[in-house]
>>> print(open('work.txt').read())   # compact mmCIF, C-alpha atoms and all ligand atoms
# COMPACT_ATOMS: atom_id res chain seq x y z
CA MET A 1 72.05 97.28 146.11
CA SER A 2 69.71 98.77 148.71
CA SER A 3 66.55 100.25 147.19
CA GLY A 4 66.07 102.59 150.13
CA HIS A 5 62.53 101.26 150.51
CA TYR A 6 61.47 101.94 154.11
CA LEU A 7 60.37 98.63 155.63
CA GLY A 8 59.53 99.48 159.22
CA LEU A 9 61.15 99.64 162.61
CA ILE A 10 62.65 96.17 163.02
CA HIS A 11 64.18 96.39 159.58
CA ARG A 12 65.67 99.76 160.46
CA TYR A 13 66.57 99.39 164.14
CA GLY A 14 66.32 95.67 164.89
CA HIS A 15 70.05 95.40 165.67
CA ARG A 16 69.42 97.74 168.62
CA MET A 17 66.35 95.91 169.93
CA ASP A 18 66.26 93.24 172.59
CA ILE A 19 63.84 90.91 170.75
CA SER A 20 64.07 87.62 168.89
CA ARG A 21 65.38 87.92 165.33
CA SER A 22 64.58 84.29 164.51
CA VAL A 23 61.49 85.08 162.41
CA GLU A 24 60.61 87.57 159.69
CA PRO A 25 59.45 90.87 161.23
CA VAL A 26 55.69 91.36 161.36
CA SER A 27 55.52 94.90 160.06
CA LEU A 28 53.23 97.41 158.41
CA CYS A 29 56.13 99.78 157.70
CA GLU A 30 55.35 101.66 160.92
CA GLY A 31 57.46 104.49 162.31
CA ASN A 32 59.36 107.14 160.34
CA THR A 33 56.65 109.66 161.29
CA PRO A 34 57.10 113.38 160.57
CA LEU A 35 58.47 115.84 163.08
CA ILE A 36 56.48 118.92 162.13
CA PRO A 37 57.68 122.42 163.08
CA ALA A 38 54.89 124.29 164.88
CA PRO A 39 55.83 127.98 165.00
CA ARG A 40 52.28 129.30 165.10
CA LEU A 41 51.35 127.09 168.03
CA ALA A 42 54.55 128.11 169.83
CA GLY A 43 53.52 131.73 169.24
CA ALA A 44 50.08 131.03 170.72
CA PHE A 45 51.87 129.69 173.82
CA GLY A 46 53.86 132.94 174.17
CA GLY A 47 56.65 132.37 171.64
CA GLY A 48 60.41 132.63 172.05
CA PHE A 49 61.01 128.91 171.68
CA GLU A 50 61.00 126.14 169.07
CA LEU A 51 58.22 123.56 169.04
CA PHE A 52 57.96 120.37 166.97
CA LEU A 53 55.09 117.91 166.76
CA LYS A 54 55.92 114.22 166.43
CA TYR A 55 52.84 113.16 164.51
CA GLU A 56 52.38 109.57 165.61
CA GLY A 57 48.85 109.53 164.24
CA LEU A 58 50.45 108.82 160.86
CA ASN A 59 51.41 105.30 161.87
CA PRO A 60 49.57 102.53 159.95
CA THR A 61 46.69 102.11 162.41
CA GLY A 62 46.70 105.75 163.46
CA SER A 63 48.64 105.74 166.72
CA PHE A 64 52.08 105.23 168.28
CA LYS A 65 51.03 101.76 169.39
CA ASP A 66 52.19 100.32 166.06
CA ARG A 67 55.81 100.91 167.09
CA GLY A 68 55.46 98.51 169.98
CA MET A 69 53.14 96.12 168.23
CA THR A 70 55.58 95.25 165.43
CA THR A 71 58.01 94.05 168.10
CA ALA A 72 55.44 92.44 170.43
CA ILE A 73 53.74 90.46 167.66
CA THR A 74 57.07 89.48 166.06
CA GLN A 75 58.24 88.21 169.47
CA ALA A 76 54.93 86.35 169.96
CA VAL A 77 55.41 84.60 166.60
CA ALA A 78 59.02 83.73 167.52
CA ASP A 79 57.74 82.30 170.82
CA GLY A 80 55.26 80.09 168.97
CA ALA A 81 52.10 81.86 170.18
CA LYS A 82 48.91 81.20 168.23
CA ALA A 83 46.81 83.87 169.94
CA VAL A 84 47.34 87.27 171.56
CA ILE A 85 45.29 89.33 173.99
CA CYS A 86 45.29 92.85 175.40
CA ALA A 87 43.20 95.26 177.42
CA SER A 88 42.84 98.63 175.81
CA THR A 89 41.30 102.06 175.81
CA GLY A 90 41.20 101.59 172.03
CA ASN A 91 44.45 102.23 170.22
CA THR A 92 46.31 99.19 171.50
CA ALA A 93 43.29 97.09 170.51
CA ALA A 94 43.30 98.37 166.92
CA SER A 95 47.04 97.97 166.61
CA ALA A 96 47.15 94.47 168.12
CA ALA A 97 44.29 93.43 165.84
CA ALA A 98 46.08 94.66 162.71
CA TYR A 99 49.47 93.10 163.48
CA ALA A 100 47.84 89.85 164.61
CA ALA A 101 45.92 89.74 161.33
CA ARG A 102 49.17 90.25 159.43
CA ALA A 103 50.80 87.39 161.34
CA GLY A 104 47.80 85.07 161.09
CA LEU A 105 47.27 85.02 164.86
CA THR A 106 43.97 85.05 166.70
CA CYS A 107 43.46 88.28 168.64
CA ALA A 108 41.15 89.16 171.54
CA VAL A 109 40.83 92.69 172.89
CA LEU A 110 39.10 93.84 176.08
CA VAL A 111 37.75 97.39 176.04
CA PRO A 112 35.76 99.39 178.59
CA ASP A 113 32.13 99.21 177.47
CA GLY A 114 31.00 102.49 175.88
CA LYS A 115 34.28 104.29 176.65
CA ILE A 116 36.19 103.69 173.45
CA ALA A 117 36.33 106.11 170.52
CA LEU A 118 34.55 105.01 167.36
CA GLY A 119 37.57 104.93 165.04
CA LYS A 120 39.42 102.58 167.39
CA LEU A 121 36.48 100.21 167.73
CA ALA A 122 36.04 100.31 163.96
CA GLY A 123 39.69 99.39 163.46
CA ALA A 124 39.64 96.48 165.90
CA ILE A 125 36.50 95.10 164.24
CA ALA A 126 37.79 95.63 160.71
CA TYR A 127 41.06 93.79 161.42
CA GLY A 128 39.05 90.83 162.69
CA ALA A 129 39.74 90.83 166.42
CA HIS A 130 37.38 89.31 168.96
CA VAL A 131 36.21 92.50 170.65
CA ILE A 132 35.01 92.01 174.23
CA ALA A 133 33.43 94.99 176.01
CA ILE A 134 33.75 94.73 179.79
CA GLU A 135 31.68 96.37 182.48
CA GLY A 136 34.72 97.99 184.02
CA SER A 137 37.72 100.18 183.35
CA PHE A 138 40.96 99.61 181.45
CA ASP A 139 42.57 98.77 184.79
CA ASP A 140 40.04 95.97 185.36
CA GLY A 141 40.70 94.69 181.85
CA LEU A 142 44.46 94.70 182.33
CA ARG A 143 44.14 92.67 185.52
CA MET A 144 41.96 90.14 183.69
CA VAL A 145 44.22 89.71 180.65
CA ARG A 146 47.32 89.38 182.84
CA GLU A 147 45.63 86.52 184.65
CA VAL A 148 44.56 84.90 181.37
CA ALA A 149 48.13 85.12 180.04
CA ASP A 150 49.42 83.51 183.25
CA ARG A 151 46.96 80.64 182.97
CA SER A 152 47.14 79.95 179.22
CA THR A 153 49.42 80.06 176.19
CA ILE A 154 47.84 83.28 174.94
CA ALA A 155 50.50 86.00 174.64
CA LEU A 156 49.88 89.32 176.38
CA VAL A 157 50.68 92.33 174.17
CA ASN A 158 50.03 95.20 176.56
CA SER A 159 53.01 97.42 177.35
CA VAL A 160 53.81 95.32 180.44
CA ASN A 161 55.32 93.07 177.76
CA PRO A 162 58.95 94.29 177.44
CA ALA A 163 58.96 93.71 173.66
CA ARG A 164 56.50 96.60 173.34
CA LEU A 165 59.01 99.08 174.76
CA GLN A 166 61.70 97.80 172.42
CA GLY A 167 59.65 99.10 169.52
CA GLN A 168 58.32 102.24 171.15
CA LYS A 169 61.77 103.47 172.16
CA THR A 170 62.59 104.05 168.48
CA ALA A 171 60.59 107.28 168.42
CA ALA A 172 63.27 108.82 170.67
CA TRP A 173 65.88 107.87 168.07
CA GLU A 174 63.89 109.25 165.15
CA ILE A 175 63.53 112.57 166.99
CA SER A 176 67.24 112.64 167.85
CA GLU A 177 68.21 111.89 164.25
CA ALA A 178 65.88 114.54 162.85
CA LEU A 179 67.11 117.27 165.22
CA GLY A 180 70.74 116.17 165.38
CA ASP A 181 70.42 115.91 169.17
CA ALA A 182 67.77 115.42 171.86
CA PRO A 183 65.34 118.30 172.39
CA ASP A 184 65.45 120.22 175.68
CA TRP A 185 61.95 119.10 176.62
CA LEU A 186 59.73 116.18 175.61
CA CYS A 187 55.98 116.64 176.26
CA LEU A 188 53.58 113.73 176.22
CA PRO A 189 50.34 112.38 177.65
CA VAL A 190 50.61 109.62 180.26
CA GLY A 191 48.11 106.81 180.71
CA ASN A 192 49.44 103.35 181.48
CA ALA A 193 52.94 104.92 181.37
CA GLY A 194 54.39 102.59 178.74
CA ASN A 195 55.23 105.36 176.34
CA ILE A 196 57.00 107.66 178.79
CA SER A 197 59.06 104.64 179.91
CA ALA A 198 59.89 103.74 176.31
CA TYR A 199 61.00 107.27 175.39
CA TRP A 200 63.22 107.46 178.43
CA LEU A 201 64.76 104.10 177.54
CA GLY A 202 65.34 105.27 173.97
CA PHE A 203 66.95 108.56 174.93
CA ASN A 204 69.15 106.83 177.50
CA GLU A 205 70.34 104.29 174.95
CA ALA A 206 71.04 107.02 172.40
CA PHE A 207 72.96 108.97 175.04
CA GLU A 208 75.03 105.94 176.06
CA ALA A 209 75.77 105.22 172.38
CA GLY A 210 77.04 108.79 171.96
CA ASP A 211 74.32 109.63 169.42
CA ILE A 212 73.12 112.61 171.47
CA THR A 213 74.90 114.99 173.84
CA LYS A 214 72.07 115.37 176.37
CA ARG A 215 68.79 113.83 177.38
CA PRO A 216 65.53 115.79 177.39
CA GLN A 217 63.57 116.86 180.42
CA VAL A 218 60.29 114.99 180.36
CA LEU A 219 57.01 116.81 180.82
CA GLY A 220 54.11 114.41 181.37
CA ALA A 221 50.42 115.24 181.46
CA GLN A 222 47.50 113.27 182.87
CA ALA A 223 43.80 114.08 182.67
CA ALA A 224 42.55 115.63 185.90
CA GLY A 225 40.02 112.84 186.43
CA ALA A 226 42.63 110.15 185.86
CA ALA A 227 45.83 111.50 187.39
CA PRO A 228 47.20 108.85 189.77
CA ILE A 229 50.86 109.69 189.14
CA VAL A 230 50.25 113.39 189.77
CA THR A 231 48.33 112.84 193.01
CA GLY A 232 50.33 109.79 194.13
CA LYS A 233 47.10 107.87 194.62
CA ARG A 234 45.39 105.15 192.57
CA VAL A 235 42.11 106.31 191.00
CA ASP A 236 39.42 103.63 191.30
CA HIS A 237 36.94 105.31 188.95
CA PRO A 238 38.96 107.32 186.42
CA GLU A 239 36.95 109.74 184.31
CA THR A 240 37.89 111.95 181.37
CA ALA A 241 36.58 112.65 177.88
CA ALA A 242 40.12 111.86 176.71
CA THR A 243 39.23 108.17 176.85
CA ALA A 244 42.65 106.90 175.69
CA ILE A 245 44.19 107.99 179.00
CA ARG A 246 41.25 107.08 181.23
CA ILE A 247 43.50 104.95 183.47
CA GLY A 248 43.67 104.92 187.26
CA ASN A 249 46.45 102.47 188.07
CA PRO A 250 49.28 102.62 185.50
CA ALA A 251 51.27 99.41 185.09
CA ARG A 252 54.55 101.29 184.61
CA TRP A 253 53.91 103.86 187.33
CA GLN A 254 57.33 103.43 188.98
CA GLN A 255 59.18 103.67 185.67
CA ALA A 256 57.34 106.88 184.90
CA LEU A 257 58.44 108.29 188.25
CA ASP A 258 62.03 107.25 187.51
CA ALA A 259 61.94 108.99 184.10
CA LEU A 260 60.51 112.16 185.62
CA LYS A 261 63.08 112.21 188.41
CA ASP A 262 66.12 111.27 186.32
CA SER A 263 65.26 113.83 183.66
CA CYS A 264 64.51 116.64 186.15
CA GLY A 265 61.09 116.67 184.52
CA ASN A 266 57.60 117.27 185.76
CA ILE A 267 54.11 115.80 185.55
CA ASP A 268 50.87 117.67 186.05
CA SER A 269 47.18 117.21 185.44
CA VAL A 270 45.08 119.09 182.89
CA THR A 271 41.31 119.46 182.86
CA ASP A 272 39.20 118.20 179.98
CA GLU A 273 38.55 121.85 179.09
CA GLN A 274 42.30 122.52 178.85
CA ILE A 275 42.72 119.34 176.77
CA PHE A 276 40.01 120.34 174.30
CA ASP A 277 41.35 123.91 174.07
CA ALA A 278 44.75 122.52 173.04
CA TYR A 279 43.07 119.98 170.73
CA ARG A 280 41.31 122.75 168.80
CA LEU A 281 44.32 125.08 168.88
CA VAL A 282 46.84 122.69 167.33
CA ALA A 283 44.41 121.83 164.52
CA ARG A 284 43.56 125.48 163.83
CA THR A 285 47.07 126.96 164.10
CA GLU A 286 49.07 124.16 162.48
CA GLY A 287 46.62 122.02 160.51
CA VAL A 288 47.49 119.00 162.60
CA PHE A 289 44.55 116.94 163.85
CA CYS A 290 45.22 114.73 166.85
CA GLU A 291 42.93 112.91 169.21
CA PRO A 292 42.01 114.58 172.53
CA SER A 293 44.41 112.49 174.66
CA SER A 294 47.31 113.51 172.44
CA ALA A 295 46.49 117.16 173.06
CA ALA A 296 46.88 116.59 176.81
CA GLY A 297 50.66 116.87 176.34
CA LEU A 298 50.23 120.26 174.68
CA ALA A 299 47.81 121.38 177.38
CA GLY A 300 50.42 120.35 179.93
CA LEU A 301 53.07 122.40 178.13
CA LYS A 302 50.83 125.47 178.08
CA LYS A 303 50.11 125.10 181.79
CA ALA A 304 53.78 124.58 182.66
CA ILE A 305 54.77 127.74 180.75
CA GLU A 306 51.98 129.76 182.35
CA ASN A 307 52.80 128.73 185.90
CA GLY A 308 56.56 129.08 185.42
CA VAL A 309 57.47 125.41 185.84
CA VAL A 310 59.05 125.57 182.38
CA LYS A 311 61.11 128.54 181.18
CA PRO A 312 60.76 128.14 177.42
CA GLU A 313 62.99 130.96 176.10
CA GLY A 314 65.45 129.70 173.52
CA LYS A 315 64.58 126.08 174.20
CA ARG A 316 63.57 123.30 171.82
CA PHE A 317 60.40 121.33 172.61
CA VAL A 318 58.98 118.18 171.06
CA ALA A 319 55.36 117.27 171.77
CA ILE A 320 54.25 113.74 171.00
CA LEU A 321 50.88 113.63 169.22
CA THR A 322 50.15 110.03 170.04
CA GLY A 323 47.05 109.38 167.94
CA HIS A 324 45.21 110.70 164.86
CA GLY A 325 42.19 112.98 165.30
CA LEU A 326 40.11 110.77 163.02
CA LYS A 327 40.27 108.04 165.66
CA ASP A 328 37.68 109.96 167.62
CA PRO A 329 35.35 111.70 165.17
CA ASP A 330 32.64 112.14 167.81
CA SER A 331 34.91 114.39 169.87
CA ALA A 332 35.47 116.65 166.87
CA VAL A 333 31.88 116.84 165.70
CA LEU A 334 29.77 116.64 168.84
CA ASN A 335 31.63 119.43 170.64
CA ALA A 336 31.26 121.88 167.76
CA PRO A 337 28.38 123.76 166.16
CA ALA A 338 26.64 121.87 163.35
CA PRO A 339 27.64 122.93 159.80
CA LEU A 340 25.55 125.71 158.28
CA ARG A 341 22.77 124.30 156.03
CA ILE A 342 21.75 126.24 152.95
CA ALA A 343 19.82 125.64 149.76
CA ALA A 344 21.82 124.43 146.72
CA ASP A 345 21.75 127.94 145.35
CA THR A 346 24.62 130.40 144.65
CA ASP A 347 22.76 133.42 146.01
CA ALA A 348 22.19 131.55 149.25
CA LEU A 349 25.92 130.77 149.32
CA LEU A 350 26.92 134.40 148.73
CA LYS A 351 24.59 135.41 151.55
CA ALA A 352 26.04 132.77 153.85
CA LEU A 353 29.59 133.94 152.99
CA ASN A 354 28.58 137.53 153.60
CA VAL A 355 29.94 138.69 150.23
N1 LIG B 1 47.80 108.73 173.86
C1 LIG B 1 47.02 107.84 173.23
C2 LIG B 1 46.35 108.25 171.96
C3 LIG B 1 46.86 106.54 173.77
O1 LIG B 1 46.10 105.67 173.14
C4 LIG B 1 47.50 106.22 174.98
C5 LIG B 1 47.33 104.91 175.58
C6 LIG B 1 48.31 107.19 175.58
C7 LIG B 1 48.43 108.44 174.98
C8 LIG B 1 49.06 106.94 176.84
O2 LIG B 1 50.13 106.08 176.62
O3 LIG B 1 49.48 104.27 178.17
O4 LIG B 1 51.78 104.39 177.22
O5 LIG B 1 51.02 106.05 178.92
N2 LIG B 1 46.54 104.04 175.16
C9 LIG B 1 46.46 102.66 175.65
C10 LIG B 1 45.51 101.85 174.79
C11 LIG B 1 46.24 102.53 177.09
O6 LIG B 1 44.94 100.87 175.27
O7 LIG B 1 45.36 102.17 173.62
P1 LIG B 1 50.65 105.14 177.81
>>> encode(input="work.txt", output="structure tokens")
Amino acid sequence: MSSGHYLGLIHRYGHRMDISRSVEPVSLCEGNTPLIPAPRLAGAFGGGFELFLKYEGLNPTGSFKDRGMTTAITQAVADGAKAVICASTGNTAASAAAYAARAGLTCAVLVPDGKIALGKLAGAIAYGAHVIAIEGSFDDGLRMVREVADRSTIALVNSVNPARLQGQKTAAWEISEALGDAPDWLCLPVGNAGNISAYWLGFNEAFEAGDITKRPQVLGAQAAGAAPIVTGKRVDHPETAATAIRIGNPARWQQALDALKDSCGNIDSVTDEQIFDAYRLVARTEGVFCEPSSAAGLAGLKKAIENGVVKPEGKRFVAILTGHGLKDPDSAVLNAPAPLRIAADTDALLKALNV
């Protein structure tokens, strides 16, 4: 008798994944994240349409990366790897570290020195990874770890590894199952372009299987200081406060372009100010706290509605909130006024509350 106990993505969807099934899945019961209706946020964007938030920050290490890491680490174990490596703006590092710990593998992560949010660094350290800070960008790190993987037996677990996409594509299926069909539009931030590629793969497979009647139009967003796909030009020194997507030369650039073209979608850049406006708005209207990079997708949606690229009336939108707000506490606290300080005295409190 099945207990109905949710045991993670390979347990649930493994029969539809192109990965080895020769070993026990390495899982933290990732996936199965909520799809939260967001009517107040939709209203703030002008209203007249349905908006849902896929809250990927509720994965075990706080980001969507866990979907791809269960498959990448399981495949690495099946391949006999003893160690794994990745370059990361932070979330991949924390996720790789956790799944490697669970599998008993050694893990090394390369991060751009000083450009990684505190909660991600804390995770990678806590899970016991060898954390190496490089004097360079994510793109430099990715080049280095690709070369290391070529010259050694260390397995690369960045999203250039196809096993990563096999896990990440499942979010498209969860959304389709929850809504009974694909949404009209899918909005998401784009960095190294693994996730946009994975969603497109997932929706295509669901469509071919007859699970959905249509595929969504994809609306990507990049930070203005790190927008190579938008401008069509590699960015040698990417810069944005949304450090997760501070990437100038995405590995899956061409696949992102294919997804955008095939879906009749669009990609645009958003300024850090627009990102932080959306970041505050989603938390204050819906009680959903995401990290700044995640809010880039929402900022992109707002911009696309305002400039007429998207006609939202009567349509159904899903925005992917890729990481939890607590990953980057500095962004929340340092950009806001300090809390009011008062004496431990009720009269002082009444005065502060203006009652
Ligand atoms: N949102 C968050 C929170 C991310 O951490 C990332 C990527 C993205 C969006 C963009 O996804 O790269 O698949 O286009 N983070 C990677 C990392 C690069 O190292 O954690 P993408």
>>> residues_near_ligand(input="work.txt", ligand="ligand LIG 1 (chain B)", cutoff="9 Å", atoms="only C-alpha atoms and all ligand atoms", output="PyMOL selection string")
chain A and resi 56-57+62-65+86-95+111+120+138+158-159+188-198+222+242-247+250-252+256+290-297+320-324+327
>>> atom_distance(input="work.txt", atom1="atom CA of Val157 of chain A", atom2="atom CA of Gly141 of chain A")
12.8 Å
>>> atom_distance(input="work.txt", atom1="atom CA of Ala129 of chain A", atom2="atom CA of Leu9 of chain A")
23.5 Å
>>> residues_around(input="work.txt", residues="segment 270-274 of chain A", least_positions_apart="6", cutoff="6 Å", atoms="all atoms listed in the file", output="count of residues only")
3
>>> atom_distance(input="work.txt", atom1="atom CA of Phe203 of chain A", atom2="atom CA of Ser176 of chain A")
8.2 Å
>>> residues_around(input="work.txt", residues="Lys233 of chain A", least_positions_apart="5", cutoff="9 Å", atoms="only C-alpha atoms", output="list in words")
Ala227, Pro228, Gly248 and Asn249 of chain A
>>> residues_around(input="work.txt", residues="Gly265 of chain A", least_positions_apart="5", cutoff="12 Å", atoms="all atoms listed in the file", output="ChimeraX atom specification")
/A:184-188,196,200,215-221,256-260,301,304,309-310
>>> residues_around(input="work.txt", residues="Gly31 of chain A", least_positions_apart="6", cutoff="10 Å", atoms="all atoms listed in the file", output="compact mmCIF listing (two decimals) with C-alpha atoms, keeping the file's coordinate frame")
# COMPACT_ATOMS: atom_id res chain seq x y z
CA TYR A 6 61.47 101.94 154.11
CA LEU A 7 60.37 98.63 155.63
CA GLY A 8 59.53 99.48 159.22
CA LEU A 9 61.15 99.64 162.61
CA ILE A 10 62.65 96.17 163.02
CA ARG A 12 65.67 99.76 160.46
CA GLU A 56 52.38 109.57 165.61
CA LEU A 58 50.45 108.82 160.86
CA ASN A 59 51.41 105.30 161.87
CA PRO A 60 49.57 102.53 159.95
CA SER A 63 48.64 105.74 166.72
CA PHE A 64 52.08 105.23 168.28
CA LYS A 65 51.03 101.76 169.39
CA ASP A 66 52.19 100.32 166.06
CA ARG A 67 55.81 100.91 167.09
CA GLY A 68 55.46 98.51 169.98
CA THR A 70 55.58 95.25 165.43
CA GLY A 167 59.65 99.10 169.52
CA GLN A 168 58.32 102.24 171.15
CA THR A 170 62.59 104.05 168.48
CA ALA A 171 60.59 107.28 168.42
CA GLU A 174 63.89 109.25 165.15
>>> residues_around(input="work.txt", residues="segment 17-24 of chain A", least_positions_apart="6", cutoff="10 Å", atoms="only C-alpha atoms", output="list of chain:residue names")
A:Leu9, A:Ile10, A:His11, A:Thr71, A:Ala72, A:Thr74, A:Gln75, A:Ala76, A:Val77, A:Ala78, A:Asp79, A:Ala103, A:Pro162, A:Ala163, A:Arg164, A:Leu165, A:Gln166, A:Gly167, A:Lys169, A:Thr170
>>> residues_near_point(input="work.txt", point="(47.9, 87.0, 165.8)", cutoff="10 Å", atoms="all atoms listed in the file", output="PDB file with C-alpha atoms, in the frame of the given file")
ATOM      1  CA  VAL A  26      55.690  91.360 161.360  1.00  0.00           C
ATOM      2  CA  ILE A  73      53.740  90.460 167.660  1.00  0.00           C
ATOM      3  CA  THR A  74      57.070  89.480 166.060  1.00  0.00           C
ATOM      4  CA  ALA A  76      54.930  86.350 169.960  1.00  0.00           C
ATOM      5  CA  VAL A  77      55.410  84.600 166.600  1.00  0.00           C
ATOM      6  CA  ALA A  81      52.100  81.860 170.180  1.00  0.00           C
ATOM      7  CA  LYS A  82      48.910  81.200 168.230  1.00  0.00           C
ATOM      8  CA  ALA A  83      46.810  83.870 169.940  1.00  0.00           C
ATOM      9  CA  VAL A  84      47.340  87.270 171.560  1.00  0.00           C
ATOM     10  CA  ILE A  85      45.290  89.330 173.990  1.00  0.00           C
ATOM     11  CA  ALA A  96      47.150  94.470 168.120  1.00  0.00           C
ATOM     12  CA  ALA A  97      44.290  93.430 165.840  1.00  0.00           C
ATOM     13  CA  ALA A  98      46.080  94.660 162.710  1.00  0.00           C
ATOM     14  CA  TYR A  99      49.470  93.100 163.480  1.00  0.00           C
ATOM     15  CA  ALA A 100      47.840  89.850 164.610  1.00  0.00           C
ATOM     16  CA  ALA A 101      45.920  89.740 161.330  1.00  0.00           C
ATOM     17  CA  ARG A 102      49.170  90.250 159.430  1.00  0.00           C
ATOM     18  CA  ALA A 103      50.800  87.390 161.340  1.00  0.00           C
ATOM     19  CA  GLY A 104      47.800  85.070 161.090  1.00  0.00           C
ATOM     20  CA  LEU A 105      47.270  85.020 164.860  1.00  0.00           C
ATOM     21  CA  THR A 106      43.970  85.050 166.700  1.00  0.00           C
ATOM     22  CA  CYS A 107      43.460  88.280 168.640  1.00  0.00           C
ATOM     23  CA  ALA A 108      41.150  89.160 171.540  1.00  0.00           C
ATOM     24  CA  ALA A 129      39.740  90.830 166.420  1.00  0.00           C
ATOM     25  CA  ILE A 154      47.840  83.280 174.940  1.00  0.00           C
ATOM     26  CA  ALA A 155      50.500  86.000 174.640  1.00  0.00           C
TER      27      ALA A 155
END
>>> axis_aligned_box(input="work.txt", around="segment 54-62 of chain A", padding_each_side="4 Å", output="AutoDock Vina command-line options")
--center_x 51.3 --center_y 108.2 --center_z 163.2 --size_x 17.2 --size_y 20.1 --size_z 14.5
>>> closest_residue(input="work.txt", among="A:Trp173, A:Leu298, A:Ala117, A:Glu239", to="Leu281 of chain A", atoms="only C-alpha atoms")
A:Leu298
>>> closest_residue(input="work.txt", among="A:Arg280, A:Gly46, A:Ile132, A:Pro25", to="Ala336 of chain A", atoms="only C-alpha atoms")
A:Arg280
>>> build_atoms(input="work.txt", residues="segment 53-68 of chain A", atoms="N, CA and C atoms", output="PDB file, keeping the file's coordinate frame")
ATOM      1  N   LEU A  53      56.126 118.899 166.466  1.00  0.00           N
ATOM      2  CA  LEU A  53      55.090 117.910 166.760  1.00  0.00           C
ATOM      3  C   LEU A  53      55.486 116.576 166.137  1.00  0.00           C
ATOM      4  N   LYS A  54      55.647 115.566 166.958  1.00  0.00           N
ATOM      5  CA  LYS A  54      55.920 114.220 166.430  1.00  0.00           C
ATOM      6  C   LYS A  54      54.572 113.575 166.169  1.00  0.00           C
ATOM      7  N   TYR A  55      54.217 113.497 164.884  1.00  0.00           N
ATOM      8  CA  TYR A  55      52.840 113.160 164.510  1.00  0.00           C
ATOM      9  C   TYR A  55      52.669 111.645 164.400  1.00  0.00           C
ATOM     10  N   GLU A  56      52.482 111.023 165.542  1.00  0.00           N
ATOM     11  CA  GLU A  56      52.380 109.570 165.610  1.00  0.00           C
ATOM     12  C   GLU A  56      51.053 109.029 165.079  1.00  0.00           C
ATOM     13  N   GLY A  57      50.114 109.933 164.865  1.00  0.00           N
ATOM     14  CA  GLY A  57      48.850 109.530 164.240  1.00  0.00           C
ATOM     15  C   GLY A  57      49.035 109.036 162.822  1.00  0.00           C
ATOM     16  N   LEU A  58      50.208 109.282 162.231  1.00  0.00           N
ATOM     17  CA  LEU A  58      50.450 108.820 160.860  1.00  0.00           C
ATOM     18  C   LEU A  58      51.036 107.411 160.792  1.00  0.00           C
ATOM     19  N   ASN A  59      51.055 106.729 161.910  1.00  0.00           N
ATOM     20  CA  ASN A  59      51.410 105.300 161.870  1.00  0.00           C
ATOM     21  C   ASN A  59      50.265 104.503 161.206  1.00  0.00           C
ATOM     22  N   PRO A  60      50.546 103.261 160.776  1.00  0.00           N
ATOM     23  CA  PRO A  60      49.570 102.530 159.950  1.00  0.00           C
ATOM     24  C   PRO A  60      48.168 102.395 160.550  1.00  0.00           C
ATOM     25  N   THR A  61      48.049 102.187 161.846  1.00  0.00           N
ATOM     26  CA  THR A  61      46.690 102.110 162.410  1.00  0.00           C
ATOM     27  C   THR A  61      46.310 103.390 163.139  1.00  0.00           C
ATOM     28  N   GLY A  62      47.110 104.438 162.959  1.00  0.00           N
ATOM     29  CA  GLY A  62      46.700 105.750 163.460  1.00  0.00           C
ATOM     30  C   GLY A  62      47.171 106.115 164.853  1.00  0.00           C
ATOM     31  N   SER A  63      48.087 105.342 165.418  1.00  0.00           N
ATOM     32  CA  SER A  63      48.640 105.740 166.720  1.00  0.00           C
ATOM     33  C   SER A  63      50.046 105.172 166.908  1.00  0.00           C
ATOM     34  N   PHE A  64      50.716 105.672 167.960  1.00  0.00           N
ATOM     35  CA  PHE A  64      52.080 105.230 168.280  1.00  0.00           C
ATOM     36  C   PHE A  64      52.161 103.758 168.651  1.00  0.00           C
ATOM     37  N   LYS A  65      51.014 103.148 168.932  1.00  0.00           N
ATOM     38  CA  LYS A  65      51.030 101.760 169.390  1.00  0.00           C
ATOM     39  C   LYS A  65      51.662 100.813 168.381  1.00  0.00           C
ATOM     40  N   ASP A  66      51.629 101.198 167.110  1.00  0.00           N
ATOM     41  CA  ASP A  66      52.190 100.320 166.060  1.00  0.00           C
ATOM     42  C   ASP A  66      53.687 100.096 166.248  1.00  0.00           C
ATOM     43  N   ARG A  67      54.363 101.079 166.840  1.00  0.00           N
ATOM     44  CA  ARG A  67      55.810 100.910 167.090  1.00  0.00           C
ATOM     45  C   ARG A  67      56.085  99.723 168.005  1.00  0.00           C
ATOM     46  N   GLY A  68      55.248  99.600 169.026  1.00  0.00           N
ATOM     47  CA  GLY A  68      55.460  98.510 169.980  1.00  0.00           C
ATOM     48  C   GLY A  68      54.809  97.217 169.542  1.00  0.00           C
TER      49      GLY A  68
END
